[in-house]
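Engineer: As input, take entry-v4.pdb (PDB, C-alpha atoms):
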```pdb
ATOM      1  CA  MET A   5       0.865 -10.118 -24.315
ATOM      2  CA  ASN A   6       0.316  -8.818 -27.809
ATOM      3  CA  GLN A   7       1.002  -5.225 -28.846
ATOM      4  CA  GLN A   8      -2.630  -4.405 -29.456
ATOM      5  CA  THR A   9      -3.671  -5.413 -25.941
ATOM      6  CA  LEU A  10      -0.818  -3.446 -24.432
ATOM      7  CA  GLU A  11      -1.881  -0.363 -26.372
ATOM      8  CA  GLN A  12      -5.469  -0.758 -25.184
ATOM      9  CA  ILE A  13      -4.359  -1.094 -21.573
ATOM     10  CA  ARG A  14      -1.981   1.853 -21.899
ATOM     11  CA  THR A  15      -4.618   4.135 -23.442
ATOM     12  CA  GLU A  16      -7.237   3.238 -20.872
ATOM     13  CA  ALA A  17      -4.883   3.448 -17.895
ATOM     14  CA  VAL A  18      -3.422   6.802 -18.953
ATOM     15  CA  LYS A  19      -6.931   8.183 -19.293
ATOM     16  CA  ARG A  20      -7.786   7.064 -15.782
ATOM     17  CA  MET A  21      -4.489   8.072 -14.188
ATOM     18  CA  ALA A  22      -4.904  11.606 -15.550
ATOM     19  CA  SER A  23      -7.535  12.118 -12.861
ATOM     20  CA  ALA A  24      -5.760  10.267 -10.033
ATOM     21  CA  HIS A  25      -5.919  11.854  -6.590
ATOM     22  CA  GLY A  26      -2.772  13.278  -4.958
ATOM     23  CA  SER A  27       0.532  14.540  -6.276
ATOM     24  CA  GLN A  28       2.610  11.443  -5.608
ATOM     25  CA  HIS A  29       0.759   9.007  -7.829
ATOM     26  CA  ASN A  30       0.249  10.972 -11.024
ATOM     27  CA  LEU A  31       0.927  10.223 -14.671
ATOM     28  CA  ASN A  32       4.539  11.390 -14.451
ATOM     29  CA  HIS A  33       5.119   8.802 -11.756
ATOM     30  CA  VAL A  34       3.617   6.108 -13.986
ATOM     31  CA  TYR A  35       5.813   7.123 -16.931
ATOM     32  CA  ASN A  36       8.905   7.089 -14.699
ATOM     33  CA  VAL A  37       8.047   3.616 -13.424
ATOM     34  CA  VAL A  38       7.524   2.364 -16.999
ATOM     35  CA  LYS A  39      10.874   3.824 -18.068
ATOM     36  CA  SER A  40      12.821   2.314 -15.166
ATOM     37  CA  ALA A  41      11.115  -1.058 -15.451
ATOM     38  CA  MET A  42      11.833  -1.312 -19.176
ATOM     39  CA  GLN A  43      15.483  -0.472 -18.576
ATOM     40  CA  MET A  44      15.722  -3.115 -15.846
ATOM     41  CA  SER A  45      14.021  -5.752 -17.975
ATOM     42  CA  HIS A  46      16.750  -5.711 -20.665
ATOM     43  CA  SER A  47      18.747  -8.378 -18.861
ATOM     44  CA  TYR A  48      15.813 -10.760 -18.553
ATOM     45  CA  ASP A  49      13.846 -12.965 -20.873
ATOM     46  CA  ILE A  50      10.387 -11.858 -19.819
ATOM     47  CA  ASP A  51       7.298 -10.569 -21.615
ATOM     48  CA  LYS A  52       8.119  -6.855 -21.925
ATOM     49  CA  ASN A  53       4.595  -5.948 -23.005
ATOM     50  CA  LEU A  54       3.159  -7.610 -19.929
ATOM     51  CA  LEU A  55       5.632  -5.775 -17.711
ATOM     52  CA  GLU A  56       4.767  -2.457 -19.316
ATOM     53  CA  ALA A  57       1.053  -3.118 -18.851
ATOM     54  CA  ILE A  58       1.677  -3.890 -15.174
ATOM     55  CA  CYS A  59       3.451  -0.559 -14.742
ATOM     56  CA  TYR A  60       0.573   1.352 -16.351
ATOM     57  CA  VAL A  61      -2.063  -0.093 -14.031
ATOM     58  CA  HIS A  62      -0.102  -0.423 -10.803
ATOM     59  CA  ASP A  63      -1.430   2.759  -9.173
ATOM     60  CA  LEU A  64      -5.056   2.711 -10.327
ATOM     61  CA  THR A  65      -5.962   2.618  -6.636
ATOM     62  CA  TYR A  66      -5.530   6.393  -6.607
ATOM     63  CA  THR A  67      -8.213   6.866  -9.244
ATOM     64  CA  GLU A  68     -10.766   5.504  -6.788
ATOM     65  CA  TYR A  69      -9.283   6.322  -3.384
ATOM     66  CA  TYR A  70      -7.746   9.479  -2.011
ATOM     67  CA  PRO A  71      -4.247   9.272  -0.538
ATOM     68  CA  GLY A  72      -4.228   8.718   3.188
ATOM     69  CA  ILE A  73      -2.968   6.276   5.764
ATOM     70  CA  ALA A  74      -5.730   3.712   5.249
ATOM     71  CA  THR A  75      -5.349   3.897   1.475
ATOM     72  CA  TYR A  76      -1.598   3.518   1.799
ATOM     73  CA  VAL A  77      -1.793   0.599   4.211
ATOM     74  CA  PHE A  78      -4.466  -1.270   2.278
ATOM     75  CA  GLU A  79      -3.235  -0.313  -1.189
ATOM     76  CA  GLY A  80      -2.368  -3.898  -2.102
ATOM     77  CA  LYS A  81      -5.815  -5.105  -1.142
ATOM     78  CA  TYR A  82      -7.527  -2.265  -2.989
ATOM     79  CA  ILE A  83      -5.571  -2.617  -6.230
ATOM     80  CA  ALA A  84      -6.153  -6.372  -6.358
ATOM     81  CA  SER A  85      -9.879  -5.815  -6.036
ATOM     82  CA  ILE A  86      -9.915  -3.015  -8.633
ATOM     83  CA  LEU A  87      -7.873  -4.970 -11.177
ATOM     84  CA  ASP A  88      -9.895  -8.118 -10.769
ATOM     85  CA  LYS A  89     -12.803  -6.332 -12.479
ATOM     86  CA  TYR A  90     -10.879  -3.748 -14.529
ATOM     87  CA  LEU A  91      -8.773  -6.268 -16.480
ATOM     88  CA  ASP A  92     -11.783  -8.196 -17.747
ATOM     89  CA  GLN A  93     -12.320  -5.598 -20.470
ATOM     90  CA  PHE A  94      -9.042  -6.572 -22.137
ATOM     91  CA  ASN A  95      -8.088  -9.623 -24.135
ATOM     92  CA  ILE A  96      -5.808 -11.266 -21.589
ATOM     93  CA  ASP A  97      -5.770 -14.795 -20.278
ATOM     94  CA  SER A  98      -6.078 -15.827 -16.648
ATOM     95  CA  ARG A  99      -2.332 -16.440 -16.306
ATOM     96  CA  GLU A 100      -1.503 -12.881 -17.411
ATOM     97  CA  LYS A 101      -4.263 -11.494 -15.239
ATOM     98  CA  GLY A 102      -2.856 -13.373 -12.251
ATOM     99  CA  ILE A 103       0.659 -12.040 -12.880
ATOM    100  CA  ILE A 104      -0.590  -8.453 -13.185
ATOM    101  CA  ILE A 105      -2.694  -8.623 -10.023
ATOM    102  CA  ASN A 106       0.035 -10.324  -8.022
ATOM    103  CA  ALA A 107       2.686  -7.775  -9.014
ATOM    104  CA  CYS A 108       0.431  -4.796  -8.314
ATOM    105  CA  LYS A 109      -0.844  -6.231  -5.039
ATOM    106  CA  ARG A 110       2.690  -6.712  -3.747
ATOM    107  CA  HIS A 111       4.266  -3.501  -4.987
ATOM    108  CA  PRO A 112       3.695  -1.110  -2.024
ATOM    109  CA  HIS A 113       5.706  -0.615   1.158
ATOM    110  CA  SER A 114       9.278  -1.130  -0.029
ATOM    111  CA  TYR A 115      10.311   2.189   1.492
ATOM    112  CA  PRO A 116      10.539   2.686   4.419
ATOM    113  CA  PHE A 117       9.036  -0.626   5.559
ATOM    114  CA  LYS A 118      11.240  -2.934   3.514
ATOM    115  CA  VAL A 119       8.386  -5.216   2.624
ATOM    116  CA  LEU A 120      10.110  -6.719  -0.397
ATOM    117  CA  ASN A 121       9.419  -9.570  -2.790
ATOM    118  CA  ARG A 122      12.793 -11.183  -3.278
ATOM    119  CA  ASN A 123      11.327 -14.682  -3.596
ATOM    120  CA  THR A 124       8.623 -13.916  -6.112
ATOM    121  CA  ASP A 125       8.472 -13.558  -9.908
ATOM    122  CA  LEU A 126      10.462 -11.028 -11.931
ATOM    123  CA  TYR A 127       7.448  -8.905 -12.846
ATOM    124  CA  THR A 128       6.713  -8.301  -9.183
ATOM    125  CA  LYS A 129      10.334  -7.586  -8.319
ATOM    126  CA  ILE A 130      10.897  -5.210 -11.220
ATOM    127  CA  LEU A 131       7.663  -3.287 -10.681
ATOM    128  CA  GLN A 132       8.425  -2.777  -7.011
ATOM    129  CA  ASP A 133      12.006  -1.717  -7.685
ATOM    130  CA  ALA A 134      10.973   0.712 -10.433
ATOM    131  CA  ASP A 135       8.383   2.208  -8.099
ATOM    132  CA  THR A 136      10.949   2.495  -5.305
ATOM    133  CA  LEU A 137      13.478   4.202  -7.571
ATOM    134  CA  ASP A 138      10.928   6.857  -8.470
ATOM    135  CA  MET A 139      10.175   7.383  -4.804
ATOM    136  CA  PHE A 140      13.754   8.556  -4.438
ATOM    137  CA  SER A 141      13.608  10.796  -7.503
ATOM    138  CA  ASP A 142      14.109  14.538  -7.128
ATOM    139  CA  GLU A 143      10.639  15.195  -8.514
ATOM    140  CA  ARG A 144       8.936  12.951  -5.973
ATOM    141  CA  VAL A 145      10.983  14.307  -3.086
ATOM    142  CA  ASP A 146      10.213  17.880  -4.152
ATOM    143  CA  ASN A 147       6.501  17.079  -4.297
ATOM    144  CA  SER A 148       6.331  15.534  -0.848
ATOM    145  CA  VAL A 149       4.651  17.589   1.805
ATOM    146  CA  PHE A 150       7.477  16.764   4.171
ATOM    147  CA  THR A 151       9.957  18.546   1.908
ATOM    148  CA  LYS A 152       7.644  21.450   1.178
ATOM    149  CA  ASN A 153       6.947  22.149   4.823
ATOM    150  CA  LEU A 154      10.415  21.737   6.211
ATOM    151  CA  LYS A 155      12.461  23.830   3.836
ATOM    152  CA  TRP A 156      14.959  24.550   6.566
ATOM    153  CA  ILE A 157      15.918  20.911   6.695
ATOM    154  CA  PRO A 158      18.033  19.678   3.770
ATOM    155  CA  VAL A 159      15.683  16.800   3.098
ATOM    156  CA  LYS A 160      16.517  16.643  -0.555
ATOM    157  CA  ARG A 161      20.177  16.216   0.214
ATOM    158  CA  LEU A 162      19.334  13.589   2.825
ATOM    159  CA  MET A 163      17.208  11.642   0.347
ATOM    160  CA  ARG A 164      20.061  11.769  -2.164
ATOM    161  CA  VAL A 165      22.402  10.335   0.448
ATOM    162  CA  VAL A 166      19.894   7.612   1.297
ATOM    163  CA  ARG A 167      19.391   6.898  -2.382
ATOM    164  CA  LEU A 168      23.053   6.493  -3.015
ATOM    165  CA  ARG A 169      24.077   4.723   0.152
ATOM    166  CA  TYR A 170      21.110   2.721   1.316
ATOM    167  CA  ILE A 171      18.774   2.214  -1.609
ATOM    168  CA  ASN A 172      19.935  -1.382  -1.995
ATOM    169  CA  PHE A 173      18.188  -2.201   1.266
ATOM    170  CA  PHE A 174      14.904  -1.297  -0.385
ATOM    171  CA  LEU A 175      15.363  -3.133  -3.685
ATOM    172  CA  ASN A 176      14.648  -6.708  -4.705
ATOM    173  CA  ILE A 177      17.370  -6.808  -7.364
ATOM    174  CA  PRO A 178      20.014  -4.358  -6.158
ATOM    175  CA  GLN A 179      22.520  -5.623  -8.729
ATOM    176  CA  ILE A 180      20.472  -4.026 -11.515
TER     177      ILE A 180
ATOM    178  CA  MET B  15       4.042   4.018  25.125
ATOM    179  CA  GLU B  16       0.262   3.780  25.032
ATOM    180  CA  ILE B  17      -2.469   2.964  22.527
ATOM    181  CA  ILE B  18      -5.652   5.000  22.422
ATOM    182  CA  LYS B  19      -8.777   4.249  20.457
ATOM    183  CA  LEU B  20     -10.238   7.057  18.377
ATOM    184  CA  ASP B  21     -13.918   7.158  17.476
ATOM    185  CA  PHE B  22     -15.072   9.513  14.744
ATOM    186  CA  ASN B  23     -18.597  10.650  14.052
ATOM    187  CA  LYS B  24     -19.475   9.387  10.577
ATOM    188  CA  ASP B  25     -22.458   9.983   8.329
ATOM    189  CA  GLY B  26     -24.624   7.286   6.749
ATOM    190  CA  ASN B  27     -22.069   6.793   3.967
ATOM    191  CA  ASN B  28     -19.270   6.189   6.472
ATOM    192  CA  LYS B  29     -17.750   9.586   5.740
ATOM    193  CA  THR B  30     -16.125  11.445   8.622
ATOM    194  CA  ILE B  31     -18.263  14.461   9.502
ATOM    195  CA  LEU B  32     -16.049  17.498   9.092
ATOM    196  CA  ASP B  33     -18.533  19.949  10.609
ATOM    197  CA  ASP B  34     -17.928  18.242  13.915
ATOM    198  CA  PRO B  35     -15.340  20.157  15.991
ATOM    199  CA  ILE B  36     -14.529  17.040  18.031
ATOM    200  CA  ASN B  37     -13.647  15.138  14.853
ATOM    201  CA  ILE B  38     -11.481  18.063  13.737
ATOM    202  CA  GLU B  39      -9.715  18.204  17.092
ATOM    203  CA  LYS B  40      -8.932  14.470  17.015
ATOM    204  CA  LEU B  41      -7.633  14.656  13.456
ATOM    205  CA  VAL B  42      -5.387  17.614  14.223
ATOM    206  CA  LYS B  43      -4.082  16.232  17.486
ATOM    207  CA  TYR B  44      -3.574  12.572  16.631
ATOM    208  CA  VAL B  45      -3.721  11.839  12.906
ATOM    209  CA  LEU B  46      -2.329  14.696  10.842
ATOM    210  CA  PRO B  47       1.030  14.790  12.664
ATOM    211  CA  ILE B  48       1.653  11.216  11.523
ATOM    212  CA  ILE B  49       0.975  12.105   7.892
ATOM    213  CA  GLU B  50       3.078  15.259   8.120
ATOM    214  CA  ARG B  51       6.068  13.293   9.349
ATOM    215  CA  ASN B  52       5.897  10.566   6.725
ATOM    216  CA  GLU B  53       8.931  11.846   4.827
ATOM    217  CA  GLY B  54       7.088  11.510   1.535
ATOM    218  CA  TRP B  55       6.758   7.740   1.464
ATOM    219  CA  GLY B  56       3.194   7.680   0.321
ATOM    220  CA  SER B  57       0.629   8.066   3.067
ATOM    221  CA  GLY B  58      -0.528  11.424   1.797
ATOM    222  CA  ASP B  59       0.176  15.096   1.263
ATOM    223  CA  LEU B  60      -2.071  16.604   3.882
ATOM    224  CA  THR B  61      -0.808  19.049   6.491
ATOM    225  CA  THR B  62      -2.549  20.485   9.522
ATOM    226  CA  LYS B  63      -2.425  23.975   8.035
ATOM    227  CA  MET B  64      -3.918  22.913   4.702
ATOM    228  CA  PHE B  65      -6.609  20.954   6.506
ATOM    229  CA  LEU B  66      -7.589  23.728   8.896
ATOM    230  CA  ASP B  67      -7.840  26.226   6.039
ATOM    231  CA  ASP B  68     -10.667  24.210   4.509
ATOM    232  CA  PRO B  69     -11.425  20.872   6.202
ATOM    233  CA  LYS B  70     -14.191  19.850   3.816
ATOM    234  CA  LYS B  71     -11.880  20.152   0.840
ATOM    235  CA  TYR B  72      -9.970  17.182   2.234
ATOM    236  CA  GLN B  73     -12.912  14.872   2.866
ATOM    237  CA  GLY B  74     -11.397  12.238   0.553
ATOM    238  CA  GLU B  75      -7.989  12.339   2.240
ATOM    239  CA  VAL B  76      -9.555  12.082   5.713
ATOM    240  CA  ASP B  77     -11.712   9.132   4.687
ATOM    241  CA  GLY B  78      -8.662   7.599   3.060
ATOM    242  CA  THR B  79      -6.964   7.771   6.434
ATOM    243  CA  VAL B  80      -9.388   7.117   9.274
ATOM    244  CA  TRP B  81     -11.296   4.069   8.167
ATOM    245  CA  LYS B  82     -12.393   1.598  10.836
ATOM    246  CA  ASN B  83     -11.352   0.907  14.449
ATOM    247  CA  VAL B  84      -8.703   3.592  14.475
ATOM    248  CA  HIS B  85      -6.063   3.330  17.199
ATOM    249  CA  ILE B  86      -3.144   5.691  17.796
ATOM    250  CA  LEU B  87       0.159   4.727  19.314
ATOM    251  CA  MET B  88       1.433   7.505  21.569
ATOM    252  CA  GLU B  89       4.930   8.072  22.885
ATOM    253  CA  GLY B  90       5.889  11.015  25.066
ATOM    254  CA  GLY B  91       2.551  12.665  24.313
ATOM    255  CA  GLU B  92       3.173  12.477  20.558
ATOM    256  CA  PRO B  93       1.312  10.275  18.072
ATOM    257  CA  ILE B  94       3.832   7.968  16.423
ATOM    258  CA  GLY B  95       1.728   5.274  14.801
ATOM    259  CA  LEU B  96      -1.741   4.472  13.532
ATOM    260  CA  LEU B  97      -3.441   1.092  13.561
ATOM    261  CA  GLU B  98      -6.809   0.276  12.073
ATOM    262  CA  PHE B  99      -8.706  -2.851  11.217
ATOM    263  CA  SER B 100     -11.958  -4.305  10.061
ATOM    264  CA  ARG B 101     -13.513  -6.962  12.291
ATOM    265  CA  THR B 102     -16.370  -9.075  11.087
ATOM    266  CA  THR B 103     -18.381 -11.779  12.780
ATOM    267  CA  ILE B 104     -19.294 -15.261  11.658
ATOM    268  CA  ASP B 105     -22.981 -14.556  11.173
ATOM    269  CA  ASP B 106     -22.757 -11.829   8.608
ATOM    270  CA  THR B 107     -19.782 -13.129   6.638
ATOM    271  CA  LYS B 108     -20.258 -16.855   6.693
ATOM    272  CA  LYS B 109     -19.585 -17.252   2.982
ATOM    273  CA  GLU B 110     -16.519 -15.017   3.128
ATOM    274  CA  ARG B 111     -15.255 -16.826   6.217
ATOM    275  CA  HIS B 112     -15.427 -20.201   4.492
ATOM    276  CA  LYS B 113     -13.632 -18.756   1.482
ATOM    277  CA  ILE B 114     -10.876 -17.439   3.732
ATOM    278  CA  LEU B 115     -10.654 -20.754   5.560
ATOM    279  CA  ASN B 116     -10.295 -22.623   2.305
ATOM    280  CA  GLU B 117      -7.520 -20.263   1.265
ATOM    281  CA  LEU B 118      -5.809 -20.610   4.626
ATOM    282  CA  LEU B 119      -5.867 -24.359   4.613
ATOM    283  CA  ALA B 120      -4.714 -24.974   1.050
ATOM    284  CA  GLY B 121      -1.743 -24.464  -1.240
ATOM    285  CA  GLU B 122       0.732 -21.701  -0.601
ATOM    286  CA  SER B 123      -0.939 -20.582   2.617
ATOM    287  CA  LEU B 124      -0.675 -24.046   4.094
ATOM    288  CA  ASN B 125       3.016 -24.150   3.161
ATOM    289  CA  GLU B 126       3.506 -20.845   4.964
ATOM    290  CA  PHE B 127       1.596 -22.219   7.928
ATOM    291  CA  ASN B 128       3.818 -25.291   7.972
ATOM    292  CA  LYS B 129       6.913 -23.090   7.885
ATOM    293  CA  LEU B 130       5.528 -21.025  10.738
ATOM    294  CA  ILE B 131       5.059 -23.979  13.061
ATOM    295  CA  GLY B 132       8.163 -25.787  11.812
ATOM    296  CA  SER B 133       6.454 -29.020  10.753
ATOM    297  CA  ASP B 134       3.856 -30.307   8.308
ATOM    298  CA  ILE B 135       0.248 -30.269   9.355
ATOM    299  CA  GLU B 136      -1.263 -33.712   9.026
ATOM    300  CA  PRO B 137      -4.364 -33.791   6.789
ATOM    301  CA  THR B 138      -6.245 -35.485   9.645
ATOM    302  CA  MET B 139      -5.782 -32.331  11.714
ATOM    303  CA  LEU B 140      -7.403 -30.036   9.140
ATOM    304  CA  PRO B 141     -11.031 -30.471  10.300
ATOM    305  CA  GLN B 142      -9.970 -29.667  13.856
ATOM    306  CA  ILE B 143      -8.062 -26.568  12.730
ATOM    307  CA  ARG B 144     -11.007 -25.521  10.608
ATOM    308  CA  GLU B 145     -13.340 -25.787  13.593
ATOM    309  CA  PHE B 146     -10.938 -23.780  15.731
ATOM    310  CA  LEU B 147     -10.680 -21.047  13.121
ATOM    311  CA  LEU B 148     -14.447 -20.938  12.690
ATOM    312  CA  SER B 149     -14.807 -20.123  16.368
ATOM    313  CA  LYS B 150     -12.622 -17.020  16.021
ATOM    314  CA  PRO B 151     -13.515 -13.540  14.795
ATOM    315  CA  ILE B 152     -12.068 -12.563  11.451
ATOM    316  CA  TYR B 153     -10.078  -9.396  11.028
ATOM    317  CA  THR B 154     -10.417  -8.923   7.302
ATOM    318  CA  ALA B 155      -7.923  -6.093   7.080
ATOM    319  CA  VAL B 156      -5.413  -4.960   9.632
ATOM    320  CA  GLY B 157      -3.106  -2.066   8.899
ATOM    321  CA  VAL B 158      -0.426  -0.366  10.895
ATOM    322  CA  VAL B 159       1.685   2.653  10.106
ATOM    323  CA  LEU B 160       4.572   2.895  12.485
ATOM    324  CA  LYS B 161       7.982   4.490  12.469
ATOM    325  CA  PRO B 162      10.355   1.964  10.841
ATOM    326  CA  SER B 163      12.826   2.408  13.670
ATOM    327  CA  LEU B 164      10.223   0.920  16.004
ATOM    328  CA  GLN B 165      10.026  -2.181  13.866
ATOM    329  CA  ASN B 166      13.703  -3.014  14.128
ATOM    330  CA  LYS B 167      13.997  -2.399  10.408
ATOM    331  CA  LYS B 168      17.047  -0.208  10.234
ATOM    332  CA  THR B 169      18.779  -2.863   8.170
ATOM    333  CA  GLY B 170      17.773  -5.929   6.242
ATOM    334  CA  TYR B 171      14.377  -6.504   4.771
ATOM    335  CA  ALA B 172      11.066  -8.179   5.427
ATOM    336  CA  GLU B 173       9.437 -10.642   3.073
ATOM    337  CA  ASN B 174       5.942  -9.950   1.868
ATOM    338  CA  THR B 175       4.132 -13.240   2.364
ATOM    339  CA  LEU B 176       0.611 -11.983   1.722
TER     340      LEU B 176
END
```
As a first step, turn the structure in this file into structure tokens.
Structural biologist:
Amino acid sequence: MNQQTLEQIRTEAVKRMASAHGSQHNLNHVYNVVKSAMQMSHSYDIDKNLLEAICYVHDLTYTEYYPGIATYVFEGKYIASILDKYLDQFNIDSREKGIIINACKRHPHSYPFKVLNRNTDLYTKILQDADTLDMFSDERVDNSVFTKNLKWIPVKRLMRVVRLRYINFFLNIPQI
Amino acid sequence: MEIIKLDFNKDGNNKTILDDPINIEKLVKYVLPIIERNEGWGSGDLTTKMFLDDPKKYQGEVDGTVWKNVHILMEGGEPIGLLEFSRTTIDDTKKERHKILNELLAGESLNEFNKLIGSDIEPTMLPQIREFLLSKPIYTAVGVVLKPSLQNKKTGYAENTL
């Protein structure tokens, strides 16, 4: 993917994500996912621009749907449908479009359901792992309603323990 | 453990009517506790208290939760899981059904199917399988949110084969 296309996708996606619904899928989350994914990609010979574009659009679902159980469960289906139309405005070929849609469609449900993508392409694996890592971040844990409502339970500490001890169970490429 | 079906009164745009006290009662009793206990893994931020303070403010979150054919899994009087699905019939989705059938009986899907039954499907069997599938209803989307511990997923991982 060329730099110009990436910049167009980034600009457009950031604009849309600024009005995403819910506190867990905001722009900060997107930036964190981009940062982690780019760090992970250093060891691999993949198209970094394409990976970055994938990260920017992976949660566009939440610009059209409010967070909730149905949205969460059907997120993969929703994002595939959204991207199928959304990506046509950019200068990308069908192969790139397919990679983006596939990665975004398969990215949800790593934690706690362990629906991973260990046998798929690197873009999909890296996106899902970067998203999972942010799920265990202090910021995300602090923002969760579970943490806010149960202050008497040391959830943050528990999540840190899980992150350190068990996060490999929820990653496609734990060695990274 | 039991499964109960929940029906919600919806308006013409398929939005849950939040003036309806019965809808509110069902949401508070069966649905919101599941969201509140999600430990922050992504099914929403809504709490019973927030919702009761101003139900209409959370129209989007409610509609993003109770979609179609909502079922609740109960254990010890507590809701522990939510299942919902869309069911369509052959008459009104004939084109979609044929598209799905073509996807099911070709390429990667067929490989998965072969793996599932442990042998290769002979091409001569495809028309018969197609006819069998055509006679069945199609559930275009089935979703379940259930405590991971009830899925035997304390260790290891599941492959996403969608």
Engineer: Select residues of chain A: the criterion is any atom within 7 Å of an atom of chain B, counting all atoms listed in the file; output as a ChimeraX atom specification.
Structural biologist: /A:69-78,115-121,145,148-150,173
Engineer: Applied to this file, what does the PyMOL selection byres ((chain A and resi 13-30) around 7) return in terms of residues, put as a list of chain:residue names?
Structural biologist: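 Here the PyMOL selection byres ((chain A and resi 13-30) around 7) matches A:Thr9, A:Leu10, A:Glu11, A:Gln12, A:Leu31, A:Asn32, A:His33, A:Val34, A:Ala57, A:Tyr60, A:Val61, A:Asp63, A:Leu64, A:Tyr66, A:Thr67, A:Tyr70, A:Pro71, A:Arg144, A:Asn147.
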Engineer: So the first atom is atom CA of Asn125 of chain B and the second is atom CA of Thr138 of chain B; what is the distance between them in Å, to one decimal place?
Structural biologist: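 So the answer is 16.0 Å.
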Engineer: Contacts of segment 98-106 of chain A at 8 Å or less, counting all atoms listed in the file, minus same-chain residues fewer than 5 places along, as a list in words?
Structural biologist: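 Counting only the stated atoms, we get Met5, Leu54, Ala57, Ile58, Ile83, Ala84, Leu87, Asp88, Leu91, Tyr127 and Thr128 of chain A.
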Engineer: Which residue out of B:Val42, B:Leu118, B:Leu147, B:Ile86 has the minimum interatomic distance to Thr62 of chain B when all atoms listed in the file are used?
Structural biologist: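 Looking at the shortest contact to Thr62 of chain B, the residue is B:Val42.
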Engineer: Just give me the gap between atom CA of Ser45 of chain A and atom CA of Asn123 of chain A in Å, one decimal is fine.
Structural biologist: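 So the two atoms, atom CA of Ser45 of chain A and atom CA of Asn123 of chain A, lie 17.1 Å apart.
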Engineer: In Å to one decimal, how far is atom CA of Thr136 of chain A from atom CA of Gly80 of chain A?
Structural biologist: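 Pair atom CA of Gly80 of chain A / atom CA of Thr136 of chain A returns 15.1 Å.
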Engineer: Quick one: apply the PyMOL selection byres ((chain B and resi 15) around 9) to the file and drop the selected residues here as an MDAnalysis selection string.
Structural biologist: chainID B and resid 16:17 87:91
Engineer: Evaluate the PyMOL selection byres ((chain B and resi 24-28) around 10) against this structure - the residues, as a ChimeraX atom specification, please.
Structural biologist: /B:21-23,29-32,34,37,77,81-82
Engineer: With all atoms listed in the file as the atoms that count, which of A:Asn36, A:Arg122, A:Gln43, A:Ala107 lies nearest to Glu143 of chain A?
Structural biologist: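 Answer, going by the shortest atom-to-atom distance: A:Asn36.
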Engineer: Between A:Leu131, A:Val165, A:Ala41, A:Ile96, which one has atoms that come closest to His111 of chain A, using all atoms listed in the file?
Structural biologist: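 Closest to His111 of chain A, using all atoms listed in the file: A:Leu131.
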Engineer: Give the answer as one residue: which of A:Leu55, A:Tyr35, A:Gln179, A:Gln7 has the shortest atom-to-atom distance to Asp125 of chain A, using all atoms listed in the file?
Structural biologist: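 With all atoms listed in the file as the atom set, the closest residue is A:Leu55.
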Engineer: Considering only C-alpha atoms, can you say which of A:Cys108, A:Ile180, A:Leu168, A:Met42 comes closest to Glu79 of chain A?
Structural biologist: A:Cys108
Engineer: Is there a way to complete segment 69-77 of chain B with N, CA, C and O atoms and then write that out as a PDB file, in the frame of the given file?
Structural biologist:
```
ATOM      1  N   PRO B  69     -11.325  22.312   5.891  1.00  0.00           N
ATOM      2  CA  PRO B  69     -11.425  20.872   6.202  1.00  0.00           C
ATOM      3  C   PRO B  69     -12.223  20.077   5.175  1.00  0.00           C
ATOM      4  O   PRO B  69     -11.822  18.976   4.789  1.00  0.00           O
ATOM      5  N   LYS B  70     -13.323  20.636   4.707  1.00  0.00           N
ATOM      6  CA  LYS B  70     -14.191  19.850   3.816  1.00  0.00           C
ATOM      7  C   LYS B  70     -13.541  19.552   2.465  1.00  0.00           C
ATOM      8  O   LYS B  70     -13.904  18.595   1.794  1.00  0.00           O
ATOM      9  N   LYS B  71     -12.594  20.385   2.098  1.00  0.00           N
ATOM     10  CA  LYS B  71     -11.880  20.152   0.840  1.00  0.00           C
ATOM     11  C   LYS B  71     -11.118  18.816   0.888  1.00  0.00           C
ATOM     12  O   LYS B  71     -10.822  18.217  -0.141  1.00  0.00           O
ATOM     13  N   TYR B  72     -10.797  18.385   2.090  1.00  0.00           N
ATOM     14  CA  TYR B  72      -9.970  17.182   2.234  1.00  0.00           C
ATOM     15  C   TYR B  72     -10.759  15.979   2.748  1.00  0.00           C
ATOM     16  O   TYR B  72     -10.210  15.084   3.377  1.00  0.00           O
ATOM     17  N   GLN B  73     -12.056  15.993   2.463  1.00  0.00           N
ATOM     18  CA  GLN B  73     -12.912  14.872   2.866  1.00  0.00           C
ATOM     19  C   GLN B  73     -12.332  13.533   2.391  1.00  0.00           C
ATOM     20  O   GLN B  73     -12.266  12.557   3.146  1.00  0.00           O
ATOM     21  N   GLY B  74     -11.928  13.482   1.120  1.00  0.00           N
ATOM     22  CA  GLY B  74     -11.397  12.238   0.553  1.00  0.00           C
ATOM     23  C   GLY B  74     -10.150  11.768   1.284  1.00  0.00           C
ATOM     24  O   GLY B  74     -10.015  10.585   1.607  1.00  0.00           O
ATOM     25  N   GLU B  75      -9.238  12.701   1.556  1.00  0.00           N
ATOM     26  CA  GLU B  75      -7.989  12.339   2.240  1.00  0.00           C
ATOM     27  C   GLU B  75      -8.271  11.845   3.669  1.00  0.00           C
ATOM     28  O   GLU B  75      -7.640  10.897   4.137  1.00  0.00           O
ATOM     29  N   VAL B  76      -9.222  12.505   4.338  1.00  0.00           N
ATOM     30  CA  VAL B  76      -9.555  12.082   5.713  1.00  0.00           C
ATOM     31  C   VAL B  76     -10.156  10.674   5.681  1.00  0.00           C
ATOM     32  O   VAL B  76      -9.759   9.789   6.445  1.00  0.00           O
ATOM     33  N   ASP B  77     -11.094  10.454   4.765  1.00  0.00           N
ATOM     34  CA  ASP B  77     -11.712   9.132   4.687  1.00  0.00           C
ATOM     35  C   ASP B  77     -10.739   8.073   4.171  1.00  0.00           C
ATOM     36  O   ASP B  77     -10.934   6.884   4.404  1.00  0.00           O
TER      37      ASP B  77
END
```
